Amino acid sequence: MMQNMKLPGKTVERLSEYRRILLNLLAEKKNYIYSYELAALLHITAVQVRRDLMLIGYSSGARKGYDIRELVETIGRIIDSEEGLNVAIVGMGNLGRAVASYFRGKRSKLNLVASFDNDPQKINKVISGVKCFDIKTMEQTIRDLNISIAILTVPPDAAKNTCDEIVRYGIRGILNFTTVSLKVPPDVYLEEYDMITSIEKVAYFVKENLKTQG
């Protein structure tokens with residue numbers, strides 16, 4: 001990969017997906033994989049896989065395919081922060097707890113170190129493996145724990161104000177799970193995930209497939 005080259009967001013997504021699949025294959029004692037095999041697991045083309053790996057400067061001359069462990073390490077060097085980054089969940093309702101349970105321990109370079117809520121019954125308790133702090137202490141806690149990424153799972157009516165606050169407190173990246181579209185400064189990276197959009201996408205393709213079958 002060219003030095004200081006910023007990868008497109010979709011490429012980073014696919015690299016993360018490659019790594020997830022490759023780690024599962026390593027656990028199954030598989031050591032090598034061809035581009036067409038990896039492509040089939042992600043429902044994309046082998047050309048796309050080779051293009052992505054060429055973009056990060058990885059190629060394999062081995063006839064048996066890519067060395068899975070080596071490829072996992074290469075992807076890690078590209079998309080992970082060398083020092084690791086600290087993450088917090090803001091809003092520990094059902095969704096926040098589910099995200100915390102799923103997220104913890106998945107990646108060594110992303111550390112879930114705190115959660116925030118305004119419910120007195122949750123404050124200062126460990127919920128889904130992470131300590132829940134009073135939302136009123138966010139500014140100080142974000143600074144004390146060097147938190148740079150926030151996962152936003154607050155109710156929709158609190159999303160905009162909460163987003164503005166955490167940006168002001170120094171958060172540099174936000175994964176927005178609320179149904180409200182947010183605006184952030186250019187130096188803050190925002191990723192918005194809308195479950196309804198994803199379900200509608202699935203429903204569309206189910207509808208189209210049923211058409212062709214009928």
# chains A, B, ... in the order shown; residues from 1 in each chain; ligands from 1

call {"tool": "residues_around", "arguments": {"residues": "Thr137 in chain A", "least_positions_apart": "4", "cutoff": "12 Å", "atoms": "only C-alpha atoms", "output": "PyMOL selection string"}}
result
chain A and resi 90+114-118+123-124+132-133+141-145+165-166+169

call {"tool": "select_by_dssp", "arguments": {"residues": "range 109-157 of chain A", "states": "strand (DSSP E or B)", "output": "VMD selection string"}}
result
chain A and resid 110 to 117 126 to 127 130 to 134 147 to 152

call {"tool": "residues_around", "arguments": {"residues": "Phe177 in chain A", "least_positions_apart": "3", "cutoff": "8 Å", "atoms": "only C-alpha atoms", "output": "ChimeraX atom specification"}}
result
/A:151-153,192-194

call {"tool": "residues_around", "arguments": {"residues": "Thr74 in chain A", "least_positions_apart": "3", "cutoff": "9 Å", "atoms": "only C-alpha atoms", "output": "compact mmCIF listing (two decimals) with C-alpha atoms, in the first residue's frame"}}
result
# COMPACT_ATOMS: atom_id res chain seq x y z
CA ILE A 56 -2.76 -3.09 0.97
CA GLY A 57 0.36 -4.44 -0.70
CA TYR A 58 -0.32 -8.12 -0.11
CA ARG A 69 -2.16 -16.37 9.42
CA GLU A 70 0.10 -14.05 7.43
CA LEU A 71 -2.88 -12.38 5.78
CA ARG A 77 -1.22 -3.87 10.54
CA ILE A 78 -3.31 -1.90 8.07
CA ILE A 79 -6.62 -1.36 9.87

call {"tool": "atom_distance", "arguments": {"atom1": "CA of Leu85 in chain A", "atom2": "CA of Asn146 in chain A"}}
result
8.3 Å

call {"tool": "residues_around", "arguments": {"residues": "Arg63 in chain A", "least_positions_apart": "5", "cutoff": "12 Å", "atoms": "only C-alpha atoms", "output": "PyMOL selection string"}}
result
chain A and resi 32-35

call {"tool": "write_last_selection", "arguments": {"atoms": "N, CA and C atoms", "output": "PDB file, in the first residue's frame"}}
result
ATOM      1  N   TYR A  32      -4.387 -22.266   4.526  1.00  0.00           N
ATOM      2  CA  TYR A  32      -4.272 -21.558   3.250  1.00  0.00           C
ATOM      3  C   TYR A  32      -5.644 -21.418   2.606  1.00  0.00           C
ATOM      4  N   ILE A  33      -5.784 -20.357   1.806  1.00  0.00           N
ATOM      5  CA  ILE A  33      -7.056 -20.140   1.126  1.00  0.00           C
ATOM      6  C   ILE A  33      -6.814 -19.436  -0.207  1.00  0.00           C
ATOM      7  N   TYR A  34      -7.555 -19.821  -1.230  1.00  0.00           N
ATOM      8  CA  TYR A  34      -7.476 -19.152  -2.525  1.00  0.00           C
ATOM      9  C   TYR A  34      -8.435 -17.951  -2.535  1.00  0.00           C
ATOM     10  N   SER A  35      -8.155 -17.010  -3.422  1.00  0.00           N
ATOM     11  CA  SER A  35      -8.999 -15.815  -3.495  1.00  0.00           C
ATOM     12  C   SER A  35     -10.447 -16.171  -3.832  1.00  0.00           C
TER      13      SER A  35
END

call {"tool": "residues_around", "arguments": {"residues": "Leu190 in chain A", "least_positions_apart": "6", "cutoff": "7 Å", "atoms": "only C-alpha atoms", "output": "PyMOL selection string"}}
result
chain A and resi 173-175

call {"tool": "closest_residue", "arguments": {"among": "A:Gly84, A:Gly96, A:Gly91, A:Pro120", "to": "Thr162 in chain A", "atoms": "only C-alpha atoms"}}
result
A:Gly91

call {"tool": "atom_distance", "arguments": {"atom1": "CA of Ser101 in chain A", "atom2": "CA of Ile127 in chain A"}}
result
8.9 Å

call {"tool": "residues_around", "arguments": {"residues": "Gly93 in chain A", "least_positions_apart": "5", "cutoff": "10 Å", "atoms": "only C-alpha atoms", "output": "MDAnalysis selection string"}}
result
chainID A and resid 98:99 117 119 122 153:155

call {"tool": "write_last_selection", "arguments": {"atoms": "N, CA and C atoms", "output": "mmCIF file, in the first residue's frame"}}
result
data_model
loop_
_atom_site.group_PDB
_atom_site.id
_atom_site.type_symbol
_atom_site.label_atom_id
_atom_site.label_comp_id
_atom_site.auth_asym_id
_atom_site.auth_seq_id
_atom_site.Cartn_x
_atom_site.Cartn_y
_atom_site.Cartn_z
ATOM 1 N N ALA A 98 -26.657 -5.450 24.585
ATOM 2 C CA ALA A 98 -26.401 -6.463 23.555
ATOM 3 C C ALA A 98 -25.107 -6.163 22.806
ATOM 4 N N VAL A 99 -24.899 -4.896 22.475
ATOM 5 C CA VAL A 99 -23.678 -4.496 21.773
ATOM 6 C C VAL A 99 -22.457 -4.766 22.649
ATOM 7 N N ASP A 117 -24.859 5.933 31.283
ATOM 8 C CA ASP A 117 -26.320 5.938 31.325
ATOM 9 C C ASP A 117 -26.751 6.926 32.409
ATOM 10 N N ASP A 119 -29.582 6.167 34.288
ATOM 11 C CA ASP A 119 -30.432 5.383 35.192
ATOM 12 C C ASP A 119 -29.657 5.078 36.480
ATOM 13 N N LYS A 122 -28.295 1.628 37.199
ATOM 14 C CA LYS A 122 -27.211 1.091 36.372
ATOM 15 C C LYS A 122 -25.858 1.717 36.718
ATOM 16 N N THR A 153 -26.142 4.443 21.582
ATOM 17 C CA THR A 153 -27.361 3.626 21.629
ATOM 18 C C THR A 153 -28.416 4.277 22.527
ATOM 19 N N VAL A 154 -28.412 5.598 22.553
ATOM 20 C CA VAL A 154 -29.383 6.333 23.378
ATOM 21 C C VAL A 154 -30.724 6.414 22.656
ATOM 22 N N PRO A 155 -31.814 6.792 23.363
ATOM 23 C CA PRO A 155 -33.101 6.996 22.698
ATOM 24 C C PRO A 155 -32.989 8.086 21.633
#

call {"tool": "decode", "arguments": {"residues": "range 131-150 of chain A", "atoms": "C-alpha atoms", "output": "PDB file, in the first residue's frame"}}
result
ATOM      1  CA  LYS A 131     -18.578  -0.546  34.152  1.00  0.00           C
ATOM      2  CA  CYS A 132     -21.453   1.898  33.721  1.00  0.00           C
ATOM      3  CA  PHE A 133     -20.685   5.527  34.614  1.00  0.00           C
ATOM      4  CA  ASP A 134     -23.094   8.381  35.275  1.00  0.00           C
ATOM      5  CA  ILE A 135     -23.695  10.186  31.974  1.00  0.00           C
ATOM      6  CA  LYS A 136     -23.049  13.439  33.845  1.00  0.00           C
ATOM      7  CA  THR A 137     -19.418  12.363  34.278  1.00  0.00           C
ATOM      8  CA  MET A 138     -18.806  11.712  30.576  1.00  0.00           C
ATOM      9  CA  GLU A 139     -16.485  14.652  30.014  1.00  0.00           C
ATOM     10  CA  GLN A 140     -14.092  13.714  32.803  1.00  0.00           C
ATOM     11  CA  THR A 141     -14.338   9.947  32.245  1.00  0.00           C
ATOM     12  CA  ILE A 142     -13.667  10.247  28.507  1.00  0.00           C
ATOM     13  CA  ARG A 143     -10.526  12.211  29.288  1.00  0.00           C
ATOM     14  CA  ASP A 144      -9.409  10.034  32.204  1.00  0.00           C
ATOM     15  CA  LEU A 145      -9.798   6.795  30.217  1.00  0.00           C
ATOM     16  CA  ASN A 146      -8.548   8.260  26.918  1.00  0.00           C
ATOM     17  CA  ILE A 147     -11.708   7.219  25.074  1.00  0.00           C
ATOM     18  CA  SER A 148     -11.729   8.157  21.390  1.00  0.00           C
ATOM     19  CA  ILE A 149     -14.642   6.089  20.002  1.00  0.00           C
ATOM     20  CA  ALA A 150     -18.274   6.100  21.129  1.00  0.00           C
TER      21      ALA A 150
END
